[in-house]
>>> print(open('work_11.txt').read())   # compact mmCIF, C-alpha atoms
# COMPACT_ATOMS: atom_id res chain seq x y z
CA MET A 167 51.89 -68.69 51.93
CA GLU A 168 48.55 -68.65 53.72
CA LEU A 169 48.87 -71.61 56.07
CA SER A 170 51.45 -73.89 57.69
CA ILE A 171 50.15 -77.16 59.11
CA ILE A 172 52.53 -78.70 61.66
CA VAL A 173 52.20 -82.43 62.30
CA PRO A 174 54.47 -84.06 64.91
CA ILE A 175 54.63 -87.82 64.28
CA TYR A 176 55.50 -90.53 66.78
CA ASN A 177 54.59 -94.23 66.40
CA VAL A 178 51.20 -93.72 64.78
CA GLU A 179 51.43 -96.09 61.81
CA LYS A 180 47.86 -97.27 62.42
CA TYR A 181 46.36 -93.79 62.05
CA LEU A 182 48.82 -91.67 60.07
CA ARG A 183 47.42 -92.24 56.59
CA GLU A 184 43.93 -91.21 57.68
CA CYS A 185 45.38 -88.02 59.14
CA LEU A 186 47.50 -87.16 56.09
CA ASP A 187 44.82 -88.06 53.56
CA SER A 188 42.55 -85.49 55.17
CA LEU A 189 45.23 -82.78 55.26
CA TYR A 190 46.41 -83.27 51.69
CA SER A 191 42.80 -83.06 50.50
CA ILE A 192 42.67 -79.37 51.43
CA SER A 193 42.25 -77.17 48.35
CA ASN A 194 41.91 -73.45 47.67
CA ILE A 195 44.42 -72.63 50.44
CA LYS A 196 48.09 -71.94 49.72
CA LEU A 197 49.69 -74.17 52.32
CA GLU A 198 52.66 -76.17 53.43
CA ILE A 199 52.48 -79.33 55.53
CA ILE A 200 55.41 -79.73 57.90
CA LEU A 201 55.85 -83.34 59.03
CA ILE A 202 58.09 -83.76 62.08
CA ASN A 203 59.08 -87.37 62.62
CA ASP A 204 59.91 -87.44 66.33
CA GLY A 205 62.05 -90.57 66.45
CA SER A 206 59.31 -93.04 65.49
CA ARG A 207 60.25 -96.71 65.86
CA ASP A 208 57.44 -98.10 63.72
CA SER A 209 56.69 -97.51 60.03
CA SER A 210 55.50 -93.92 60.55
CA LEU A 211 58.59 -92.43 58.91
CA SER A 212 58.17 -94.64 55.84
CA ILE A 213 54.55 -93.53 55.53
CA ALA A 214 55.55 -89.89 55.87
CA ARG A 215 58.13 -90.34 53.11
CA GLU A 216 55.43 -91.70 50.81
CA TYR A 217 53.45 -88.48 51.20
CA GLU A 218 56.55 -86.34 50.86
CA LYS A 219 57.33 -88.04 47.55
CA ARG A 220 53.73 -87.67 46.36
CA TYR A 221 53.34 -84.02 47.40
CA ARG A 222 56.86 -82.59 47.20
CA GLU A 223 55.72 -79.07 46.32
CA LYS A 224 53.93 -78.57 49.64
CA THR A 225 55.67 -80.94 52.05
CA LEU A 226 58.59 -80.43 54.42
CA LEU A 227 59.64 -83.64 56.20
CA ILE A 228 62.05 -83.40 59.11
CA SER A 229 63.28 -86.38 61.12
CA LYS A 230 64.70 -85.88 64.59
CA GLU A 231 65.46 -87.75 67.79
CA ASN A 232 62.50 -88.24 70.07
CA GLY A 233 61.88 -85.12 72.12
CA GLY A 234 58.15 -85.10 72.68
CA LEU A 235 55.16 -83.31 71.23
CA SER A 236 56.24 -79.82 72.28
CA SER A 237 59.67 -80.12 70.69
CA GLY A 238 58.10 -81.26 67.42
CA ARG A 239 55.64 -78.38 67.38
CA ASN A 240 58.36 -75.85 68.21
CA LEU A 241 60.63 -77.13 65.45
CA GLY A 242 57.75 -76.95 62.99
CA LEU A 243 56.99 -73.39 64.09
CA ASP A 244 60.63 -72.42 63.50
CA MET A 245 60.35 -73.75 59.93
CA ALA A 246 56.87 -72.39 59.15
CA LYS A 247 56.28 -69.67 56.53
CA GLY A 248 52.49 -69.38 56.50
CA ASP A 249 50.45 -66.41 57.67
CA TYR A 250 48.58 -68.81 59.95
CA VAL A 251 49.67 -71.96 61.76
CA ALA A 252 47.68 -75.09 62.62
CA PHE A 253 48.94 -77.79 65.00
CA ILE A 254 47.49 -81.19 64.06
CA ASP A 255 48.09 -84.40 66.03
CA SER A 256 49.08 -87.27 63.79
CA ASP A 257 46.50 -89.73 65.12
CA ASP A 258 43.61 -87.33 64.43
CA PHE A 259 42.00 -86.09 61.22
CA ILE A 260 39.87 -83.25 59.91
CA ASP A 261 36.69 -82.64 57.93
CA VAL A 262 38.21 -80.86 54.94
CA GLU A 263 35.17 -78.89 53.80
CA LYS A 264 34.50 -77.59 57.31
CA PHE A 265 38.16 -76.73 57.84
CA GLN A 266 38.29 -74.68 54.65
CA LYS A 267 35.20 -72.76 55.72
CA PHE A 268 36.72 -72.19 59.17
CA PHE A 269 39.99 -70.93 57.69
CA LYS A 270 38.28 -68.37 55.46
CA ILE A 271 36.36 -66.94 58.42
CA VAL A 272 39.62 -66.61 60.37
CA GLN A 273 41.18 -64.73 57.45
CA GLU A 274 38.18 -62.48 56.92
CA ASN A 275 38.16 -61.44 60.58
CA ASN A 276 41.93 -60.85 60.70
CA LEU A 277 42.21 -62.90 63.89
CA ASP A 278 45.20 -63.58 66.11
CA ILE A 279 43.48 -66.79 67.21
CA GLY A 280 40.57 -68.50 65.53
CA VAL A 281 38.95 -70.90 67.98
CA GLY A 282 37.15 -73.86 66.42
CA ASN A 283 35.31 -76.85 67.78
CA PHE A 284 35.95 -80.58 67.67
CA LYS A 285 34.45 -83.99 68.17
CA TYR A 286 35.86 -86.73 70.36
CA TYR A 287 36.38 -89.77 68.18
CA TYR A 288 36.23 -93.17 69.84
CA GLU A 289 36.87 -96.59 68.37
CA ASP A 290 33.13 -97.13 68.04
CA GLY A 291 32.59 -93.81 66.22
CA GLU A 292 32.35 -90.09 66.80
CA THR A 293 30.52 -88.25 69.55
CA GLY A 294 28.75 -84.94 69.27
CA ASP A 295 30.39 -81.51 69.22
CA ILE A 296 32.11 -80.37 72.39
CA PHE A 297 29.95 -78.15 74.60
CA ARG A 298 30.14 -74.40 74.14
CA SER A 299 27.83 -72.00 75.96
CA SER A 300 25.41 -69.79 74.05
CA SER A 301 27.36 -66.66 75.07
CA VAL A 302 30.50 -68.06 73.43
CA LYS A 303 28.60 -69.22 70.36
CA ARG A 304 27.58 -65.63 69.61
CA GLY A 305 31.10 -65.39 68.26
CA GLU A 306 32.01 -61.72 68.65
CA VAL A 307 35.63 -60.72 68.08
CA LEU A 308 37.08 -60.13 71.56
CA SER A 309 40.44 -59.50 73.11
CA GLY A 310 42.04 -62.73 74.28
CA SER A 311 41.67 -61.85 77.95
CA GLU A 312 37.97 -61.07 77.44
CA PHE A 313 37.54 -64.39 75.66
CA LEU A 314 39.36 -66.31 78.39
CA GLU A 315 37.16 -64.73 81.05
CA LEU A 316 34.04 -65.51 79.01
CA ILE A 317 34.77 -69.22 78.56
CA LEU A 318 35.43 -69.61 82.27
CA GLN A 319 32.06 -68.21 83.32
CA LYS A 320 29.13 -70.48 84.13
CA PRO A 321 28.41 -72.63 82.27
CA LYS A 322 32.16 -73.14 81.95
CA CYS A 323 33.41 -74.17 78.50
CA PHE A 324 37.16 -73.64 78.70
CA ARG A 325 39.11 -75.89 76.30
CA GLU A 326 42.89 -75.88 76.30
CA GLU A 327 43.47 -78.02 73.19
CA VAL A 328 45.30 -76.15 70.39
CA VAL A 329 44.48 -78.64 67.64
CA ASP A 330 41.14 -77.07 66.68
CA ASP A 331 42.52 -73.52 66.58
CA LEU A 332 44.41 -71.39 64.08
CA TYR A 333 47.13 -68.94 65.13
CA ARG A 334 48.54 -65.95 63.30
CA ARG A 335 52.21 -66.85 62.99
CA ARG A 336 53.42 -63.27 63.44
CA PHE A 337 51.42 -63.05 66.68
CA LEU A 338 53.14 -66.18 68.04
CA ILE A 339 56.59 -64.92 67.08
CA GLU A 340 56.12 -61.39 68.44
CA ASN A 341 54.96 -62.76 71.78
CA ASN A 342 57.56 -65.55 71.94
CA LEU A 343 54.81 -68.12 72.29
CA LYS A 344 56.18 -71.63 72.12
CA PHE A 345 55.35 -74.92 73.82
CA LYS A 346 57.15 -75.75 77.06
CA GLU A 347 59.24 -78.85 76.46
CA GLY A 348 59.59 -81.59 79.06
CA ILE A 349 56.13 -81.30 80.59
CA LEU A 350 52.76 -82.95 80.05
CA HIS A 351 49.56 -80.92 79.54
CA GLU A 352 51.54 -78.50 77.37
CA ASP A 353 48.33 -77.07 75.91
CA SER A 354 47.14 -76.12 79.40
CA TYR A 355 50.17 -73.82 79.63
CA PHE A 356 50.25 -72.58 76.04
CA THR A 357 46.58 -71.67 75.60
CA PRO A 358 46.06 -69.28 78.56
CA ARG A 359 49.32 -67.47 77.73
CA ALA A 360 48.20 -67.08 74.13
CA TYR A 361 44.78 -65.74 75.11
CA LEU A 362 46.27 -63.25 77.57
CA ARG A 363 48.41 -61.75 74.79
CA ALA A 364 45.97 -61.85 71.86
CA GLU A 365 44.11 -58.77 70.59
CA ARG A 366 41.61 -60.46 68.27
CA VAL A 367 40.02 -63.81 69.19
CA LYS A 368 36.78 -65.30 67.93
CA PHE A 369 34.99 -68.59 68.48
CA ILE A 370 33.74 -70.06 65.20
CA ASP A 371 31.19 -72.82 65.77
CA ILE A 372 32.52 -75.28 63.22
CA ALA A 373 33.51 -78.73 64.51
CA TYR A 374 36.05 -79.68 61.84
CA TYR A 375 38.50 -81.63 64.01
CA TYR A 376 38.21 -85.30 65.01
CA TYR A 377 40.10 -85.83 68.27
CA ARG A 378 40.83 -89.51 68.63
CA GLN A 379 40.59 -91.08 72.09
CA ARG A 380 42.67 -94.22 72.33
CA SER A 381 44.00 -96.40 75.12
CA GLY A 382 47.73 -96.35 75.61
CA SER A 383 48.18 -92.72 74.60
CA ILE A 384 50.17 -90.35 76.79
CA MET A 385 47.01 -88.64 78.00
CA SER A 386 45.33 -91.88 79.09
CA GLU A 387 47.61 -92.14 82.13
CA VAL A 388 47.95 -90.02 85.25
CA ASN A 389 51.39 -90.21 86.84
CA GLU A 390 53.80 -88.15 88.90
CA LYS A 391 55.02 -86.27 85.85
CA SER A 392 51.43 -85.24 85.17
CA ILE A 393 51.12 -83.82 88.68
CA GLU A 394 54.52 -82.09 88.49
CA SER A 395 53.52 -80.58 85.15
CA LEU A 396 50.27 -79.13 86.53
CA ASP A 397 52.23 -77.74 89.46
CA TYR A 398 54.71 -76.07 87.07
CA ILE A 399 51.95 -74.70 84.83
CA THR A 400 49.97 -73.18 87.70
CA ARG A 401 52.96 -71.56 89.36
CA ASN A 402 54.17 -70.00 86.12
CA LEU A 403 50.75 -68.75 85.03
CA TYR A 404 50.36 -67.19 88.48
CA ARG A 405 53.38 -65.01 87.70
CA LEU A 406 51.37 -63.40 84.87
CA TYR A 407 48.56 -62.21 87.14
CA ASN A 408 49.90 -58.71 87.81
CA ASP A 409 50.81 -58.17 84.14
CA THR A 410 47.34 -58.71 82.69
CA ASP A 411 44.20 -56.57 82.55
CA SER A 412 41.04 -56.87 84.65
CA HIS A 413 39.56 -59.52 82.33
CA GLY A 414 42.71 -61.60 82.55
CA LYS A 415 42.81 -61.26 86.33
CA ARG A 416 39.22 -62.47 86.69
CA ALA A 417 39.97 -65.39 84.37
CA LEU A 418 43.04 -66.46 86.35
CA GLN A 419 41.05 -66.21 89.59
CA ILE A 420 38.94 -69.08 88.28
CA LEU A 421 41.42 -71.04 86.17
CA LEU A 422 44.43 -71.39 88.43
CA PRO A 423 42.66 -72.74 91.54
CA SER A 424 40.92 -75.29 89.27
CA PHE A 425 44.32 -76.46 87.99
CA TYR A 426 45.91 -76.65 91.41
CA ARG A 427 43.08 -78.42 93.16
CA VAL A 428 43.90 -81.38 90.88
CA VAL A 429 47.47 -81.31 92.20
CA LEU A 430 46.32 -81.34 95.81
CA TYR A 431 43.70 -84.05 95.32
CA ARG A 432 46.18 -86.30 93.55
CA TYR A 433 48.78 -85.78 96.28
CA LEU A 434 46.08 -86.94 98.68
CA ALA A 435 45.30 -89.97 96.51
CA LEU A 436 48.99 -90.90 96.46
CA GLY A 437 49.29 -90.47 100.22
CA LYS A 438 52.06 -87.89 99.76
CA ASP A 439 52.95 -84.98 102.04
CA TYR A 440 51.24 -81.95 100.48
CA ARG A 441 52.05 -79.27 103.07
CA GLU A 442 54.32 -77.30 100.71
CA GLU A 443 51.72 -77.46 97.94
CA LEU A 444 48.96 -76.34 100.31
CA THR A 445 51.07 -73.37 101.41
CA PHE A 446 51.47 -72.33 97.76
CA TYR A 447 47.75 -72.82 97.09
CA ARG A 448 46.82 -70.58 100.02
CA THR A 449 49.33 -67.91 98.96
CA MET A 450 48.03 -68.04 95.40
CA PHE A 451 44.39 -68.03 96.51
CA LEU A 452 44.90 -64.81 98.45
CA GLY A 453 47.16 -63.26 95.80
CA LEU A 454 44.58 -63.88 93.09
CA LYS A 455 41.74 -62.72 95.33
CA ALA A 456 40.19 -66.03 94.36
CA TYR A 457 37.70 -65.67 97.21
CA GLU A 458 35.90 -63.35 94.76
CA ASN A 459 35.46 -66.03 92.08
CA GLY A 460 32.29 -67.51 93.60
CA VAL A 461 33.63 -71.09 93.59
CA LEU A 462 32.77 -72.68 96.93
CA GLU A 463 35.10 -75.62 96.41
CA ASP A 464 38.12 -73.31 96.17
CA LYS A 465 37.24 -71.83 99.56
CA ILE A 466 36.79 -75.28 101.08
CA LEU A 467 40.14 -76.37 99.64
CA PHE A 468 41.77 -73.31 101.20
CA LEU A 469 40.58 -74.55 104.60
CA SER A 470 41.06 -78.31 104.14
CA PRO A 471 41.98 -80.39 101.06
CA ARG A 472 40.78 -83.52 102.86
CA LEU A 473 37.33 -82.01 103.34
CA GLY A 474 37.24 -81.01 99.68
CA ALA A 475 38.24 -84.51 98.60
CA LEU A 476 35.60 -86.06 100.88
CA LEU A 477 32.85 -83.85 99.45
CA ARG A 478 33.93 -84.73 95.91
CA LYS A 479 33.81 -88.42 96.77
CA ILE A 480 30.32 -88.08 98.25
CA LEU A 481 29.20 -86.25 95.09
CA LYS A 482 30.95 -88.90 92.94
CA ARG A 483 33.24 -86.28 91.43
CA ASP A 484 36.42 -87.41 93.12
CA ILE A 485 39.77 -86.79 91.44
CA GLY A 486 41.93 -89.88 91.72
CA LEU A 487 44.86 -91.35 89.82
CA GLU A 488 42.95 -92.63 86.80
CA ARG A 489 42.26 -90.18 84.03
CA LYS A 490 38.64 -90.29 82.91
CA LEU A 491 38.08 -89.63 79.22
CA GLN A 492 35.81 -86.64 78.89
CA LYS A 493 32.28 -87.01 77.68
CA ILE A 494 30.13 -84.49 75.91
CA SER A 495 28.32 -82.05 78.18
>>> encode(input="work_11.txt", output="structure tokens")
Amino acid sequence: MELSIIVPIYNVEKYLRECLDSLYSISNIKLEIILINDGSRDSSLSIAREYEKRYREKTLLISKENGGLSSGRNLGLDMAKGDYVAFIDSDDFIDVEKFQKFFKIVQENNLDIGVGNFKYYYEDGETGDIFRSSSVKRGEVLSGSEFLELILQKPKCFREEVVDDLYRRRFLIENNLKFKEGILHEDSYFTPRAYLRAERVKFIDIAYYYYRQRSGSIMSEVNEKSIESLDYITRNLYRLYNDTDSHGKRALQILLPSFYRVVLYRYLALGKDYREELTFYRTMFLGLKAYENGVLEDKILFLSPRLGALLRKILKRDIGLERKLQKIS
């Protein structure tokens, strides 16, 4: 089996057929499609059963109580048999021809992680490809820590989404890489850990994935769980600092302060006491030697979050409580 495609499904009756039609159109790849119905309350399960009946030889349909995106992905990974694994969100879809080309390049280069590209897809149509710097587009095979450092350099083009990537299943199993359940921004935790452990990573400049942006989705809201999740992610990634190489250390010097400044700014926006969080930020900043990362805002935040927030507001880059859908750079 060459490929396992894992598709967690939750209340996406409006979009599910478009997603599955694209996936079941893949040819010339020996694959299985693992559909995880995560307690849907609409007709999503009925739709999934239609495709299971139509494509029995390559479909595994599992229905479970609602546990969230991470639990669905983890269950699918436990069931998967393919050499490579793809995680596809059930309200998105792919360009089949481009995906097949992408997959073959991943195979030919014997990658632990093949990093693709995607397009944001709005109700009024698609946007352009997501920004990637010219240094990343050269597409050499690098260690994961080298790649993580590279995509965090200026101009920064770090993307945490897993949906446009392919993962060697054995690599995930050997490194016990699963999604943390019970948090938001699970990709922001999964992706850096995966890069820091990978030996062979390559960016392949093929935008095969259409990433739908819709109102009412989990990621369209910023709430306390979002802030708590970013806090958890940063603190746990910080624990990896001393166990990685020089490339990984330089990457975390940039990445972790950028994650935690969001926590501090949103505490400010909520009017909450952030003294404990500021103490952690300052400890982390010194522990990472983040004063070497060349980011002036991190140094300002170390001195005064309020000053940092004021400067962001003046520059019209303030971080508040409303998530802004990202535009193309």
>>> closest_residue(input="work_11.txt", among="A:Leu422, A:Leu243, A:Ala214, A:Leu318", to="Phe345 in chain A", atoms="all atoms listed in the file")
A:Leu243
>>> closest_atom_pairs(input="work_11.txt", of="range 349-454 of chain A", to="range 473-483 of chain A", cutoff="10 Å", atoms="only C-alpha atoms", output="Markdown table")
| residue | atom | partner | partner_atom | distance |
| --- | --- | --- | --- | --- |
| A:Arg427 | CA | A:Gly474 | CA | 9.1 |
| A:Leu430 | CA | A:Ala475 | CA | 9.1 |
| A:Tyr431 | CA | A:Ala475 | CA | 6.4 |
| A:Arg432 | CA | A:Ala475 | CA | 9.6 |
| A:Leu434 | CA | A:Ala475 | CA | 8.2 |
| A:Ala435 | CA | A:Ala475 | CA | 9.2 |
>>> atom_distance(input="work_11.txt", atom1="CA of Glu347 in chain A", atom2="CA of Asn389 in chain A")
17.3 Å
>>> residues_around(input="work_11.txt", residues="Tyr176 in chain A", least_positions_apart="4", cutoff="10 Å", atoms="all atoms listed in the file", output="PyMOL selection string")
chain A and resi 182+202-211+232-235+238+255-257
>>> closest_residue(input="work_11.txt", among="A:Asn275, A:Ser212, A:Asn341, A:Ser301", to="Glu179 in chain A", atoms="all atoms listed in the file")
A:Ser212
>>> axis_aligned_box(input="work_11.txt", around="range 395-410 of chain A", padding_each_side="3 Å", output="lines of an AutoDock Vina configuration file")
center_x = 51.0
center_y = -69.4
center_z = 86.1
size_x = 13.4
size_y = 28.4
size_z = 12.8
>>> closest_residue(input="work_11.txt", among="A:Tyr398, A:Tyr375, A:Phe356, A:Phe297", to="Glu263 in chain A", atoms="only C-alpha atoms")
A:Tyr375
